[in-house]
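J.: My structure is stored as query.pdb, with PDB, C-alpha atoms.
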ATOM      1  CA  MET X   1     -17.254  14.371 234.490
ATOM      2  CA  THR X   2     -17.920  17.169 232.020
ATOM      3  CA  PRO X   3     -18.379  16.487 228.295
ATOM      4  CA  GLN X   4     -15.080  18.332 227.654
ATOM      5  CA  GLU X   5     -13.209  16.149 230.167
ATOM      6  CA  ARG X   6     -14.754  13.047 228.579
ATOM      7  CA  ALA X   7     -13.635  14.185 225.124
ATOM      8  CA  GLU X   8     -10.091  14.872 226.336
ATOM      9  CA  ARG X   9      -9.790  11.499 228.099
ATOM     10  CA  SER X  10     -11.187   9.676 225.054
ATOM     11  CA  ALA X  11      -8.732  11.494 222.785
ATOM     12  CA  ALA X  12      -5.788  10.680 225.069
ATOM     13  CA  ALA X  13      -6.719   6.991 225.018
ATOM     14  CA  MET X  14      -7.036   6.978 221.225
ATOM     15  CA  TRP X  15      -3.873   9.025 220.649
ATOM     16  CA  ALA X  16      -1.830   6.571 222.712
ATOM     17  CA  GLY X  17      -2.425   3.877 220.084
ATOM     18  CA  ASP X  18      -2.646   5.994 216.914
ATOM     19  CA  ALA X  19       0.599   5.015 215.200
ATOM     20  CA  ALA X  20      -0.696   5.996 211.739
ATOM     21  CA  SER X  21      -1.362   9.652 212.586
ATOM     22  CA  LYS X  22       1.891   9.959 214.510
ATOM     23  CA  HIS X  23       3.857   8.405 211.631
ATOM     24  CA  LEU X  24       2.564  11.095 209.261
ATOM     25  CA  GLY X  25       3.416  13.880 211.699
ATOM     26  CA  ILE X  26      -0.218  14.688 212.457
ATOM     27  CA  VAL X  27      -0.830  16.690 215.634
ATOM     28  CA  LEU X  28      -4.027  16.701 217.713
ATOM     29  CA  ASP X  29      -4.556  20.446 218.231
ATOM     30  CA  ALA X  30      -7.959  20.472 219.937
ATOM     31  CA  VAL X  31     -10.792  18.177 220.909
ATOM     32  CA  GLY X  32     -14.213  18.683 222.411
ATOM     33  CA  PRO X  33     -17.593  16.969 222.458
ATOM     34  CA  GLY X  34     -18.306  16.070 218.830
ATOM     35  CA  ARG X  35     -15.388  18.050 217.423
ATOM     36  CA  ALA X  36     -11.655  17.827 216.790
ATOM     37  CA  VAL X  37      -8.896  19.786 215.068
ATOM     38  CA  LEU X  38      -5.794  18.053 213.709
ATOM     39  CA  SER X  39      -2.976  19.375 211.538
ATOM     40  CA  PHE X  40       0.225  18.437 209.778
ATOM     41  CA  THR X  41       2.903  20.004 207.605
ATOM     42  CA  VAL X  42       3.255  18.782 204.021
ATOM     43  CA  ARG X  43       6.717  17.254 203.675
ATOM     44  CA  PRO X  44       8.509  16.170 200.465
ATOM     45  CA  GLU X  45       7.447  12.552 200.995
ATOM     46  CA  HIS X  46       3.769  13.669 200.934
ATOM     47  CA  LEU X  47       4.045  15.008 197.369
ATOM     48  CA  ASN X  48       2.662  13.224 194.317
ATOM     49  CA  GLY X  49       3.920  13.283 190.723
ATOM     50  CA  HIS X  50       2.458  16.766 190.218
ATOM     51  CA  GLY X  51       4.496  18.170 193.102
ATOM     52  CA  ILE X  52       1.423  18.739 195.287
ATOM     53  CA  CYS X  53       0.218  16.966 198.422
ATOM     54  CA  HIS X  54      -1.104  13.507 197.567
ATOM     55  CA  GLY X  55      -4.858  13.320 198.103
ATOM     56  CA  GLY X  56      -4.457  10.224 200.252
ATOM     57  CA  TYR X  57      -2.591  12.233 202.872
ATOM     58  CA  ILE X  58      -5.257  14.926 202.874
ATOM     59  CA  PHE X  59      -7.879  12.193 203.232
ATOM     60  CA  THR X  60      -5.937  10.631 206.114
ATOM     61  CA  LEU X  61      -5.746  13.968 207.937
ATOM     62  CA  ALA X  62      -9.505  14.489 207.501
ATOM     63  CA  ASP X  63     -10.264  10.895 208.491
ATOM     64  CA  SER X  64      -8.202  11.223 211.662
ATOM     65  CA  ALA X  65     -10.046  14.424 212.630
ATOM     66  CA  PHE X  66     -13.330  12.607 211.968
ATOM     67  CA  ALA X  67     -12.194   9.712 214.184
ATOM     68  CA  PHE X  68     -11.327  11.925 217.138
ATOM     69  CA  ALA X  69     -14.581  13.875 216.833
ATOM     70  CA  CYS X  70     -16.855  10.828 216.662
ATOM     71  CA  ASN X  71     -14.989   9.041 219.478
ATOM     72  CA  SER X  72     -15.189  12.046 221.809
ATOM     73  CA  HIS X  73     -18.170  10.711 223.774
ATOM     74  CA  ASN X  74     -16.233   7.754 225.294
ATOM     75  CA  ARG X  75     -17.896   5.238 223.018
ATOM     76  CA  LEU X  76     -15.969   3.103 220.549
ATOM     77  CA  VAL X  77     -16.909   4.361 217.105
ATOM     78  CA  VAL X  78     -15.710   3.336 213.633
ATOM     79  CA  ALA X  79     -16.195   4.730 210.159
ATOM     80  CA  GLN X  80     -19.136   3.346 208.228
ATOM     81  CA  GLN X  81     -18.701   5.465 205.102
ATOM     82  CA  ASN X  82     -16.902   8.618 204.099
ATOM     83  CA  SER X  83     -16.280  10.782 201.065
ATOM     84  CA  ILE X  84     -14.078  13.714 200.174
ATOM     85  CA  THR X  85     -14.129  16.493 197.606
ATOM     86  CA  TYR X  86     -10.806  18.159 196.794
ATOM     87  CA  LEU X  87     -10.957  21.894 196.139
ATOM     88  CA  SER X  88      -7.363  23.144 196.151
ATOM     89  CA  PRO X  89      -3.896  21.544 196.306
ATOM     90  CA  GLY X  90      -1.701  21.408 199.372
ATOM     91  CA  ARG X  91       1.862  22.646 198.878
ATOM     92  CA  GLU X  92       5.166  21.482 200.308
ATOM     93  CA  GLY X  93       5.907  23.186 203.613
ATOM     94  CA  GLU X  94       2.278  24.212 204.136
ATOM     95  CA  ARG X  95       0.504  23.464 207.414
ATOM     96  CA  LEU X  96      -2.843  21.767 206.711
ATOM     97  CA  ARG X  97      -5.628  21.887 209.291
ATOM     98  CA  ALA X  98      -8.653  19.576 209.502
ATOM     99  CA  GLU X  99     -11.602  20.640 211.635
ATOM    100  CA  ALA X 100     -14.283  18.009 212.279
ATOM    101  CA  VAL X 101     -17.753  18.913 213.533
ATOM    102  CA  GLU X 102     -20.601  16.635 214.582
ATOM    103  CA  VAL X 103     -23.674  17.272 212.409
ATOM    104  CA  SER X 104     -25.918  14.559 213.834
ATOM    105  CA  LEU X 105     -25.699  11.826 216.454
ATOM    106  CA  THR X 106     -28.736   9.561 216.710
ATOM    107  CA  GLY X 107     -28.510   6.231 218.474
ATOM    108  CA  ARG X 108     -25.409   4.426 217.218
ATOM    109  CA  SER X 109     -25.049   6.483 213.999
ATOM    110  CA  GLY X 110     -23.382   9.845 213.458
ATOM    111  CA  ILE X 111     -22.652  12.292 210.660
ATOM    112  CA  TYR X 112     -19.537  14.485 210.758
ATOM    113  CA  ASP X 113     -18.262  17.192 208.418
ATOM    114  CA  VAL X 114     -14.558  17.926 208.144
ATOM    115  CA  THR X 115     -13.092  20.988 206.464
ATOM    116  CA  VAL X 116      -9.423  20.854 205.509
ATOM    117  CA  THR X 117      -7.782  24.255 205.096
ATOM    118  CA  GLY X 118      -4.367  25.431 203.981
ATOM    119  CA  GLY X 119      -1.994  27.767 205.739
ATOM    120  CA  ASP X 120      -3.673  30.798 204.185
ATOM    121  CA  GLY X 121      -7.153  29.635 205.244
ATOM    122  CA  ARG X 122      -8.329  28.485 201.808
ATOM    123  CA  LYS X 123     -10.424  25.328 201.694
ATOM    124  CA  LEU X 124      -8.505  22.327 200.388
ATOM    125  CA  ALA X 125     -11.127  19.645 200.894
ATOM    126  CA  LEU X 126     -14.575  18.878 202.269
ATOM    127  CA  PHE X 127     -15.031  15.465 203.901
ATOM    128  CA  ARG X 128     -18.198  13.851 205.209
ATOM    129  CA  GLY X 129     -17.970  10.844 207.500
ATOM    130  CA  LEU X 130     -20.692   8.502 208.671
ATOM    131  CA  SER X 131     -19.931   6.707 211.914
ATOM    132  CA  ARG X 132     -21.219   3.650 213.706
ATOM    133  CA  GLN X 133     -20.865   2.943 217.410
ATOM    134  CA  ILE X 134     -19.595  -0.503 218.374
ATOM    135  CA  GLU X 135     -19.388  -2.123 221.806
ATOM    136  CA  GLY X 136     -16.998  -0.670 224.361
ATOM    137  CA  GLN X 137     -15.492   2.491 225.819
ATOM    138  CA  HIS X 138     -12.076   4.155 225.681
ATOM    139  CA  PHE X 139     -11.897   4.245 229.473
ATOM    140  CA  GLU X 140     -14.092   2.820 232.192
ATOM    141  CA  GLU X 141     -16.999   5.075 233.051
ATOM    142  CA  GLU X 142     -20.414   4.376 234.476
ATOM    143  CA  ALA X 143     -23.198   4.774 231.938
TER     144      ALA X 143
END
Kindly present the structure from the file in structure tokens form.
T.:
Amino acid sequence: MTPQERAERSAAAMWAGDAASKHLGIVLDAVGPGRAVLSFTVRPEHLNGHGICHGGYIFTLADSAFAFACNSHNRLVVAQQNSITYLSPGREGERLRAEAVEVSLTGRSGIYDVTVTGGDGRKLALFRGLSRQIEGQHFEEEA
């Protein structure tokens, strides 16, 4: 099995049970070994009291991209720590895109950077996630 096939099968297994991302209207646009791209459109119910996309929804989009990237090797992986810096607001009707990239994977620990961009390509947020592998696989595969 190629690393790309492994990433796609892992993503399919995760997506099947990802009610949270689906509920928000998040779409899995692309996945590969150590990377993932997810997106969603800012709807009225995503707006805060300032009329801009609530930071929690931007965080959730970035966190979901992080999850698909760090689980792309057919190992069960969870978040150990993550942080986000907001740079620009998301607007109603705008399609937000989160691209996660593996920076480091050593043993059971990984570091992933996620960039969230707006429809015009501007950076909305920078997210860094630290992951930790736990026991198990998304689908049965010989080690």
J.: Let me make sure I understand: among X:Gly136, X:Gly129, X:Gly90, X:Gly107, which one has the smallest atom-to-atom distance to Leu76 in chain X if we use all atoms listed in the file?
T.: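 Counting all atoms listed in the file, the residue closest to Leu76 in chain X is X:Gly136.
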J.: From the list X:Met1, X:Ala125, X:Val77, X:Ala13, which residue is nearest Thr60 in chain X when using all atoms listed in the file?
T.: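 That would be X:Ala125, the residue with the smallest distance to Thr60 in chain X.
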J.: Kindly resolve the PyMOL selection byres ((chain X and resi 15-20) around 12) on the present coordinates and return the residues as number ranges by chain.
T.: X: 7-14, 21-29, 31, 38, 57, 60-61, 63-65, 67-68, 71-72, 138
J.: For the structure shown, which residues end up in the PyMOL selection byres ((chain X and resi 121) around 12)? Put them as a PyMOL selection string, please?
T.: chain X and resi 88+90+94-99+115-120+122-125
J.: Could you tell me which residues the PyMOL selection byres ((chain X and resi 112) around 10) grabs in this file, written as a list in words?
T.: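 Expected selection for the PyMOL selection byres ((chain X and resi 112) around 10) here is Gly34, Arg35, Ala65, Phe66, Ala67, Ala69, Cys70, Asn82, Ala100, Val101, Glu102, Val103, Ser104, Leu105, Gly110, Ile111, Asp113, Val114, Phe127, Arg128, Gly129, Leu130 and Ser131 of chain X.
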J.: Which of these residues is nearest to Gln137 in chain X, using only C-alpha atoms: X:Arg6, X:Leu47, X:Pro33, X:Arg75?
T.: X:Arg75
J.: Around range 10-17 of chain X, with edges along x, y and z and 8 Å added on all six sides, what centre and edge lengths do you get, in Å to one decimal, as lines of an AutoDock Vina configuration file?
T.:
center_x = -6.5
center_y = 7.7
center_z = 222.6
size_x = 25.4
size_y = 23.6
size_z = 21.0
J.: Rounded to one decimal in Å, what is the spacing between CA of Phe139 in chain X and CA of Glu5 in chain X?
T.: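 Distance reported for this atom pair: 12.0 Å.
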J.: Could you check how far CA of Phe40 in chain X sits from CA of Ser83 in chain X, in Å to one decimal?
T.: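 Value for the CA of Phe40 in chain X-CA of Ser83 in chain X distance: 20.2 Å.
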J.: Tell me, in Å to one decimal, how far CA of Arg108 in chain X is from CA of Glu140 in chain X.
T.: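 The value is 18.8 Å.
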J.: Let me make sure I understand: among X:Asn48, X:Arg132, X:Thr106, X:Arg43, which one has the smallest atom-to-atom distance to Gln81 in chain X if we use only C-alpha atoms?
T.: X:Arg132
J.: Which residue gives the smallest distance to Gln80 in chain X among X:Gly32, X:Ser109, X:Pro44, X:His50, with only C-alpha atoms counted?
T.: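 Among X:Gly32, X:Ser109, X:Pro44, X:His50, it is X:Ser109 that comes nearest to Gln80 in chain X.
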J.: Let me make sure I understand: among X:Val37, X:Cys53, X:Ala79, X:Ile84, which one has the smallest atom-to-atom distance to Leu126 in chain X if we use only C-alpha atoms?
T.: X:Ile84
